[in-house]
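Here is the file work-v8.txt (compact mmCIF, N, CA and C atoms).
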```txt
# COMPACT_ATOMS: atom_id res chain seq x y z
N MET U 1 29.44 74.66 145.57
CA MET U 1 29.40 74.70 144.12
C MET U 1 27.94 74.83 143.68
N TYR U 2 27.72 75.70 142.72
CA TYR U 2 26.38 75.92 142.19
C TYR U 2 26.25 75.17 140.87
N ASP U 3 25.34 74.20 140.83
CA ASP U 3 25.16 73.40 139.62
C ASP U 3 23.94 73.82 138.81
N THR U 4 22.97 74.42 139.48
CA THR U 4 21.73 74.77 138.80
C THR U 4 21.39 76.25 139.03
N ILE U 5 20.49 76.75 138.23
CA ILE U 5 20.01 78.13 138.40
C ILE U 5 19.35 78.26 139.77
N ALA U 6 18.66 77.22 140.23
CA ALA U 6 18.05 77.27 141.56
C ALA U 6 19.11 77.43 142.64
N ASP U 7 20.24 76.71 142.50
CA ASP U 7 21.35 76.83 143.47
C ASP U 7 21.88 78.26 143.53
N ILE U 8 22.15 78.81 142.38
CA ILE U 8 22.74 80.15 142.34
C ILE U 8 21.74 81.21 142.79
N THR U 9 20.47 81.02 142.46
CA THR U 9 19.44 81.97 142.87
C THR U 9 19.27 81.96 144.39
N THR U 10 19.28 80.79 144.98
CA THR U 10 19.18 80.67 146.43
C THR U 10 20.37 81.35 147.11
N ALA U 11 21.57 81.07 146.62
CA ALA U 11 22.77 81.68 147.18
C ALA U 11 22.75 83.20 146.99
N CYS U 12 22.29 83.65 145.85
CA CYS U 12 22.21 85.09 145.58
C CYS U 12 21.28 85.77 146.56
N LYS U 13 20.12 85.19 146.78
CA LYS U 13 19.16 85.79 147.73
C LYS U 13 19.74 85.82 149.14
N GLU U 14 20.45 84.76 149.54
CA GLU U 14 21.07 84.73 150.85
C GLU U 14 22.11 85.86 150.97
N TRP U 15 22.96 86.00 149.96
CA TRP U 15 23.98 87.05 150.00
C TRP U 15 23.38 88.44 149.87
N GLN U 16 22.30 88.58 149.12
CA GLN U 16 21.63 89.88 149.06
C GLN U 16 21.17 90.29 150.45
N SER U 17 20.66 89.35 151.21
CA SER U 17 20.23 89.64 152.57
C SER U 17 21.42 90.04 153.44
N ILE U 18 22.49 89.27 153.38
CA ILE U 18 23.68 89.56 154.17
C ILE U 18 24.25 90.94 153.81
N LEU U 19 24.27 91.25 152.51
CA LEU U 19 24.88 92.50 152.02
C LEU U 19 23.91 93.68 152.01
N LEU U 20 22.69 93.46 152.50
CA LEU U 20 21.66 94.52 152.55
C LEU U 20 21.34 95.04 151.14
N LEU U 21 21.14 94.09 150.24
CA LEU U 21 20.81 94.42 148.86
C LEU U 21 19.46 93.83 148.43
N THR U 22 18.58 93.60 149.39
CA THR U 22 17.30 92.97 149.07
C THR U 22 16.36 93.90 148.29
N ASP U 23 16.71 95.16 148.20
CA ASP U 23 15.90 96.08 147.41
C ASP U 23 16.22 96.00 145.92
N TRP U 24 17.21 95.20 145.56
CA TRP U 24 17.57 94.99 144.16
C TRP U 24 16.92 93.70 143.67
N GLU U 25 16.44 93.72 142.43
CA GLU U 25 15.97 92.51 141.76
C GLU U 25 17.15 91.97 140.96
N VAL U 26 17.65 90.81 141.36
CA VAL U 26 18.82 90.23 140.71
C VAL U 26 18.45 88.89 140.09
N VAL U 27 18.69 88.78 138.80
CA VAL U 27 18.48 87.54 138.08
C VAL U 27 19.85 86.92 137.82
N CYS U 28 19.99 85.65 138.12
CA CYS U 28 21.27 84.96 137.94
C CYS U 28 21.17 83.95 136.81
N ILE U 29 22.21 83.92 135.98
CA ILE U 29 22.27 82.95 134.89
C ILE U 29 23.69 82.40 134.77
N PHE U 30 23.79 81.22 134.18
CA PHE U 30 25.09 80.68 133.81
C PHE U 30 25.36 81.08 132.36
N VAL U 31 26.61 81.38 132.05
CA VAL U 31 26.98 81.75 130.69
C VAL U 31 28.19 80.93 130.24
N GLU U 32 28.42 80.93 128.96
CA GLU U 32 29.58 80.24 128.39
C GLU U 32 30.85 81.03 128.69
N LYS U 33 31.98 80.34 128.79
CA LYS U 33 33.23 80.97 129.23
C LYS U 33 33.72 82.09 128.32
N ASP U 34 33.39 82.07 127.06
CA ASP U 34 33.88 83.12 126.16
C ASP U 34 32.95 84.33 126.10
N SER U 35 31.85 84.30 126.83
CA SER U 35 30.89 85.40 126.73
C SER U 35 31.14 86.51 127.75
N ILE U 36 32.01 86.27 128.74
CA ILE U 36 32.38 87.30 129.72
C ILE U 36 33.89 87.26 129.91
N PRO U 37 34.48 88.38 130.33
CA PRO U 37 35.94 88.44 130.43
C PRO U 37 36.55 87.69 131.61
N GLY U 38 35.79 87.37 132.61
CA GLY U 38 36.34 86.71 133.79
C GLY U 38 35.45 85.56 134.23
N MET U 39 35.32 85.42 135.56
CA MET U 39 34.53 84.33 136.12
C MET U 39 33.06 84.71 136.29
N ALA U 40 32.80 86.01 136.40
CA ALA U 40 31.43 86.48 136.60
C ALA U 40 31.35 87.94 136.14
N GLN U 41 30.13 88.37 135.93
CA GLN U 41 29.91 89.76 135.51
C GLN U 41 28.50 90.16 135.92
N ILE U 42 28.36 91.44 136.28
CA ILE U 42 27.03 91.93 136.61
C ILE U 42 26.72 93.14 135.74
N GLU U 43 25.51 93.16 135.23
CA GLU U 43 25.00 94.31 134.48
C GLU U 43 23.81 94.82 135.26
N TYR U 44 23.67 96.13 135.33
CA TYR U 44 22.58 96.66 136.15
C TYR U 44 21.99 97.93 135.56
N VAL U 45 20.74 98.17 135.98
CA VAL U 45 20.04 99.42 135.66
C VAL U 45 19.80 100.08 137.01
N ARG U 46 20.60 101.09 137.30
CA ARG U 46 20.54 101.73 138.63
C ARG U 46 19.16 102.27 138.96
N ALA U 47 18.55 102.96 138.02
CA ALA U 47 17.28 103.62 138.28
C ALA U 47 16.18 102.62 138.66
N LYS U 48 16.28 101.39 138.17
CA LYS U 48 15.27 100.38 138.46
C LYS U 48 15.73 99.39 139.54
N LYS U 49 16.99 99.50 139.94
CA LYS U 49 17.58 98.55 140.88
C LYS U 49 17.34 97.11 140.42
N GLN U 50 17.70 96.90 139.16
CA GLN U 50 17.61 95.57 138.56
C GLN U 50 18.99 95.18 138.05
N ALA U 51 19.32 93.89 138.20
CA ALA U 51 20.63 93.44 137.76
C ALA U 51 20.55 92.04 137.18
N LEU U 52 21.48 91.78 136.27
CA LEU U 52 21.66 90.46 135.69
C LEU U 52 23.06 90.01 136.06
N LEU U 53 23.15 88.94 136.84
CA LEU U 53 24.44 88.40 137.28
C LEU U 53 24.76 87.17 136.45
N LYS U 54 25.87 87.24 135.73
CA LYS U 54 26.31 86.14 134.87
C LYS U 54 27.47 85.43 135.54
N LEU U 55 27.38 84.11 135.60
CA LEU U 55 28.38 83.32 136.31
C LEU U 55 28.77 82.12 135.46
N LEU U 56 30.06 81.80 135.47
CA LEU U 56 30.52 80.59 134.81
C LEU U 56 30.22 79.38 135.69
N ARG U 57 30.01 78.26 135.06
CA ARG U 57 29.89 77.01 135.81
C ARG U 57 31.26 76.67 136.39
N GLU U 58 31.28 75.85 137.41
CA GLU U 58 32.49 75.55 138.16
C GLU U 58 33.67 75.12 137.27
N GLY U 59 33.45 74.24 136.33
CA GLY U 59 34.56 73.74 135.52
C GLY U 59 34.89 74.55 134.29
N ASP U 60 34.17 75.63 134.05
CA ASP U 60 34.37 76.40 132.82
C ASP U 60 35.52 77.39 132.88
N TYR U 61 36.01 77.71 134.06
CA TYR U 61 37.13 78.64 134.18
C TYR U 61 38.30 77.86 134.76
N ILE U 62 39.32 77.66 133.95
CA ILE U 62 40.46 76.88 134.41
C ILE U 62 41.70 77.75 134.39
N ASN U 63 42.22 78.01 135.59
CA ASN U 63 43.44 78.78 135.75
C ASN U 63 44.08 78.27 137.04
N GLU U 64 45.21 77.61 136.92
CA GLU U 64 45.86 77.01 138.08
C GLU U 64 46.24 78.04 139.14
N ASN U 65 46.54 79.25 138.72
CA ASN U 65 46.95 80.30 139.66
C ASN U 65 45.77 80.93 140.39
N PHE U 66 44.61 80.93 139.77
CA PHE U 66 43.43 81.56 140.35
C PHE U 66 42.23 80.63 140.19
N PRO U 67 42.08 79.69 141.12
CA PRO U 67 40.94 78.77 141.00
C PRO U 67 39.61 79.52 141.10
N HIS U 68 38.63 78.99 140.41
CA HIS U 68 37.30 79.62 140.38
C HIS U 68 36.55 79.31 141.66
N ASP U 69 36.19 80.34 142.37
CA ASP U 69 35.35 80.22 143.56
C ASP U 69 34.03 80.90 143.23
N GLN U 70 33.03 80.11 142.92
CA GLN U 70 31.75 80.66 142.50
C GLN U 70 31.14 81.58 143.56
N GLU U 71 31.24 81.19 144.81
CA GLU U 71 30.63 82.00 145.86
C GLU U 71 31.31 83.36 145.97
N LYS U 72 32.64 83.37 145.92
CA LYS U 72 33.37 84.64 145.98
C LYS U 72 33.03 85.50 144.77
N SER U 73 32.91 84.87 143.60
CA SER U 73 32.54 85.62 142.40
C SER U 73 31.15 86.23 142.53
N LEU U 74 30.22 85.45 143.07
CA LEU U 74 28.86 85.93 143.29
C LEU U 74 28.86 87.14 144.22
N VAL U 75 29.55 87.02 145.35
CA VAL U 75 29.60 88.12 146.32
C VAL U 75 30.29 89.33 145.71
N HIS U 76 31.37 89.13 145.01
CA HIS U 76 32.10 90.23 144.36
C HIS U 76 31.15 91.01 143.45
N GLU U 77 30.43 90.29 142.61
CA GLU U 77 29.53 90.98 141.67
C GLU U 77 28.40 91.69 142.39
N LEU U 78 27.85 91.09 143.43
CA LEU U 78 26.80 91.76 144.20
C LEU U 78 27.33 93.04 144.86
N LEU U 79 28.55 93.00 145.35
CA LEU U 79 29.13 94.20 145.98
C LEU U 79 29.21 95.37 145.00
N HIS U 80 29.34 95.08 143.73
CA HIS U 80 29.34 96.16 142.73
C HIS U 80 28.07 97.00 142.81
N LEU U 81 26.97 96.39 143.23
CA LEU U 81 25.72 97.13 143.31
C LEU U 81 25.78 98.25 144.34
N HIS U 82 26.54 98.06 145.41
CA HIS U 82 26.70 99.13 146.40
C HIS U 82 27.48 100.31 145.82
N PHE U 83 28.29 100.05 144.82
CA PHE U 83 29.13 101.08 144.23
C PHE U 83 28.63 101.53 142.86
N ALA U 84 27.45 101.07 142.49
CA ALA U 84 26.88 101.40 141.18
C ALA U 84 26.68 102.90 141.01
N TRP U 85 26.63 103.61 142.10
CA TRP U 85 26.36 105.04 142.05
C TRP U 85 27.63 105.87 141.96
N THR U 86 28.79 105.26 142.05
CA THR U 86 30.04 106.01 142.07
C THR U 86 30.60 106.19 140.67
N ASP U 87 31.36 107.23 140.50
CA ASP U 87 32.00 107.50 139.22
C ASP U 87 33.00 106.42 138.83
N ALA U 88 33.55 105.71 139.80
CA ALA U 88 34.56 104.70 139.48
C ALA U 88 34.03 103.65 138.51
N PHE U 89 32.74 103.35 138.60
CA PHE U 89 32.18 102.33 137.72
C PHE U 89 31.27 102.88 136.64
N THR U 90 30.89 104.12 136.73
CA THR U 90 29.96 104.65 135.73
C THR U 90 30.62 105.50 134.67
N SER U 91 31.76 106.12 134.98
CA SER U 91 32.33 107.02 133.99
C SER U 91 33.83 106.83 133.75
N LYS U 92 34.44 105.92 134.46
CA LYS U 92 35.89 105.71 134.30
C LYS U 92 36.15 104.52 133.38
N PRO U 93 37.18 104.62 132.56
CA PRO U 93 37.55 103.46 131.74
C PRO U 93 37.99 102.30 132.64
N LYS U 94 37.79 101.09 132.16
CA LYS U 94 38.11 99.91 132.97
C LYS U 94 39.60 99.77 133.27
N ASP U 95 40.44 100.49 132.59
CA ASP U 95 41.87 100.42 132.90
C ASP U 95 42.34 101.64 133.71
N SER U 96 41.42 102.47 134.18
CA SER U 96 41.81 103.63 134.98
C SER U 96 42.27 103.17 136.36
N GLU U 97 43.11 103.96 136.98
CA GLU U 97 43.64 103.62 138.30
C GLU U 97 42.52 103.50 139.34
N LEU U 98 41.56 104.42 139.32
CA LEU U 98 40.46 104.38 140.29
C LEU U 98 39.62 103.12 140.11
N TYR U 99 39.31 102.79 138.88
CA TYR U 99 38.52 101.58 138.60
C TYR U 99 39.25 100.35 139.12
N LEU U 100 40.53 100.24 138.83
CA LEU U 100 41.32 99.09 139.25
C LEU U 100 41.41 99.00 140.78
N GLN U 101 41.58 100.15 141.44
CA GLN U 101 41.63 100.16 142.90
C GLN U 101 40.30 99.71 143.50
N MET U 102 39.20 100.13 142.91
CA MET U 102 37.88 99.71 143.39
C MET U 102 37.70 98.20 143.19
N GLU U 103 38.16 97.67 142.07
CA GLU U 103 38.06 96.23 141.82
C GLU U 103 38.84 95.44 142.87
N VAL U 104 40.04 95.89 143.20
CA VAL U 104 40.86 95.21 144.20
C VAL U 104 40.18 95.26 145.56
N ALA U 105 39.64 96.42 145.91
CA ALA U 105 38.96 96.57 147.21
C ALA U 105 37.73 95.67 147.28
N ILE U 106 36.93 95.66 146.25
CA ILE U 106 35.73 94.82 146.22
C ILE U 106 36.11 93.35 146.32
N ASP U 107 37.15 92.96 145.62
CA ASP U 107 37.57 91.56 145.66
C ASP U 107 38.06 91.17 147.06
N SER U 108 38.78 92.05 147.71
CA SER U 108 39.26 91.77 149.07
C SER U 108 38.10 91.62 150.05
N VAL U 109 37.12 92.49 149.94
CA VAL U 109 35.95 92.41 150.83
C VAL U 109 35.17 91.13 150.54
N ALA U 110 35.01 90.79 149.27
CA ALA U 110 34.28 89.56 148.92
C ALA U 110 34.98 88.34 149.49
N ARG U 111 36.30 88.26 149.34
CA ARG U 111 37.05 87.12 149.89
C ARG U 111 36.89 87.04 151.40
N ALA U 112 36.99 88.18 152.07
CA ALA U 112 36.87 88.20 153.54
C ALA U 112 35.49 87.75 153.99
N LEU U 113 34.46 88.22 153.31
CA LEU U 113 33.09 87.84 153.69
C LEU U 113 32.84 86.34 153.50
N VAL U 114 33.29 85.82 152.37
CA VAL U 114 33.09 84.39 152.10
C VAL U 114 33.88 83.54 153.10
N ARG U 115 35.11 83.92 153.38
CA ARG U 115 35.91 83.18 154.38
C ARG U 115 35.24 83.21 155.74
N THR U 116 34.75 84.36 156.13
CA THR U 116 34.08 84.48 157.43
C THR U 116 32.85 83.60 157.50
N LYS U 117 32.04 83.61 156.45
CA LYS U 117 30.84 82.77 156.40
C LYS U 117 31.21 81.30 156.47
N GLN U 118 32.21 80.89 155.70
CA GLN U 118 32.63 79.49 155.69
C GLN U 118 33.20 79.07 157.04
N LYS U 119 33.95 79.96 157.67
CA LYS U 119 34.53 79.68 158.98
C LYS U 119 33.43 79.50 160.03
N ASN U 120 32.40 80.34 159.96
CA ASN U 120 31.30 80.28 160.92
C ASN U 120 30.36 79.11 160.67
N SER U 121 30.43 78.53 159.48
CA SER U 121 29.56 77.40 159.13
C SER U 121 30.10 76.08 159.67
N CYS U 122 31.37 76.06 160.02
CA CYS U 122 32.00 74.80 160.49
C CYS U 122 31.54 74.41 161.86
```

Represent the structure contained in this file as structure tokens.
Amino acid sequence: MYDTIADITTACKEWQSILLLTDWEVVCIFVEKDSIPGMAQIEYVRAKKQALLKLLREGDYINENFPHDQEKSLVHELLHLHFAWTDAFTSKPKDSELYLQMEVAIDSVARALVRTKQKNSC
């Protein structure tokens, strides 16, 4: 669980290294639950390789069916940076089939990576 900006920044840098995204400058912040549509969001400027990663605090997202996993959310948003160059995220509406398929794929990869890391940490 990330309680402070220092916690999330440390985790972000670790995951940037794992995901080979150290060439991106990523700033992490906590936001209020009504300011983003889900648990996390990333905004980026491709040409500058700069990103702002917005994350909810652990208790701010309450959904019994989909518990908030901050680490998975962090990894999911960072993975978007690898796909920042594709049309799926730059020119397609958020309800398009391609966009939705990319979201599902990114989420699956994020879950697998976090599970693998947690399993190897035991």

Interatomic distance (Å, one decimal) between CA of Thr116 (chain U) and atom N of Leu52 (chain U):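 If I compute the distance from CA of Thr116 (chain U) to atom N of Leu52 (chain U), I get 25.7 Å.
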
I'd like the contact shell of Cys28 (chain U) - 7 Å cut-off, only N, CA and C atoms, skipping same-chain residues fewer than 5 positions apart - returned as a ChimeraX atom specification. /U:5,8-9,51-55

Just want the 7 Å neighbourhood of Val109 (chain U), counted on all atoms listed in the file, with same-chain residues fewer than 5 positions away dropped. Output as a list in words. His76, Val104 and Val114 of chain U

Which value, in Å to one decimal, gives the distance between CA of Glu25 (chain U) and atom C of Ser96 (chain U)?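 That distance, rounded to one decimal, is 28.9 Å.
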
Looking only at strand (DSSP E) from DSSP on the backbone, list the matching residues of chain U as a PyMOL selection string. chain U and resi 25-30+40-45+50-55

Skipping near chain neighbours, those fewer than 2 positions away, what residues fall within 8 Å of Lys48 (chain U) using only N, CA and C atoms, listed as a PDB file with N, CA and C atoms, in the coordinates of the input?
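selection-v3.pdb written:
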```
ATOM      1  N   ASP U  23      16.710  95.160 148.200  1.00  0.00           N
ATOM      2  CA  ASP U  23      15.900  96.080 147.410  1.00  0.00           C
ATOM      3  C   ASP U  23      16.220  96.000 145.920  1.00  0.00           C
ATOM      4  N   TRP U  24      17.210  95.200 145.560  1.00  0.00           N
ATOM      5  CA  TRP U  24      17.570  94.990 144.160  1.00  0.00           C
ATOM      6  C   TRP U  24      16.920  93.700 143.670  1.00  0.00           C
ATOM      7  N   GLU U  25      16.440  93.720 142.430  1.00  0.00           N
ATOM      8  CA  GLU U  25      15.970  92.510 141.760  1.00  0.00           C
ATOM      9  C   GLU U  25      17.150  91.970 140.960  1.00  0.00           C
ATOM     10  N   TYR U  44      23.670  96.130 135.330  1.00  0.00           N
ATOM     11  CA  TYR U  44      22.580  96.660 136.150  1.00  0.00           C
ATOM     12  C   TYR U  44      21.990  97.930 135.560  1.00  0.00           C
ATOM     13  N   VAL U  45      20.740  98.170 135.980  1.00  0.00           N
ATOM     14  CA  VAL U  45      20.040  99.420 135.660  1.00  0.00           C
ATOM     15  C   VAL U  45      19.800 100.080 137.010  1.00  0.00           C
ATOM     16  N   ARG U  46      20.600 101.090 137.300  1.00  0.00           N
ATOM     17  CA  ARG U  46      20.540 101.730 138.630  1.00  0.00           C
ATOM     18  C   ARG U  46      19.160 102.270 138.960  1.00  0.00           C
ATOM     19  N   GLN U  50      17.700  96.900 139.160  1.00  0.00           N
ATOM     20  CA  GLN U  50      17.610  95.570 138.560  1.00  0.00           C
ATOM     21  C   GLN U  50      18.990  95.180 138.050  1.00  0.00           C
ATOM     22  N   ALA U  51      19.320  93.890 138.200  1.00  0.00           N
ATOM     23  CA  ALA U  51      20.630  93.440 137.760  1.00  0.00           C
ATOM     24  C   ALA U  51      20.550  92.040 137.180  1.00  0.00           C
TER      25      ALA U  51
END
```

Smallest atom-to-atom distance to Thr4 (chain U): which of U:Phe83, U:Gly38, U:Ile29, U:Leu21, using only N, CA and C atoms? U:Ile29

Alpha helix (DSSP H) positions in chain U, given as a PyMOL selection string: chain U and resi 5-18+70-82+87-90+97-121
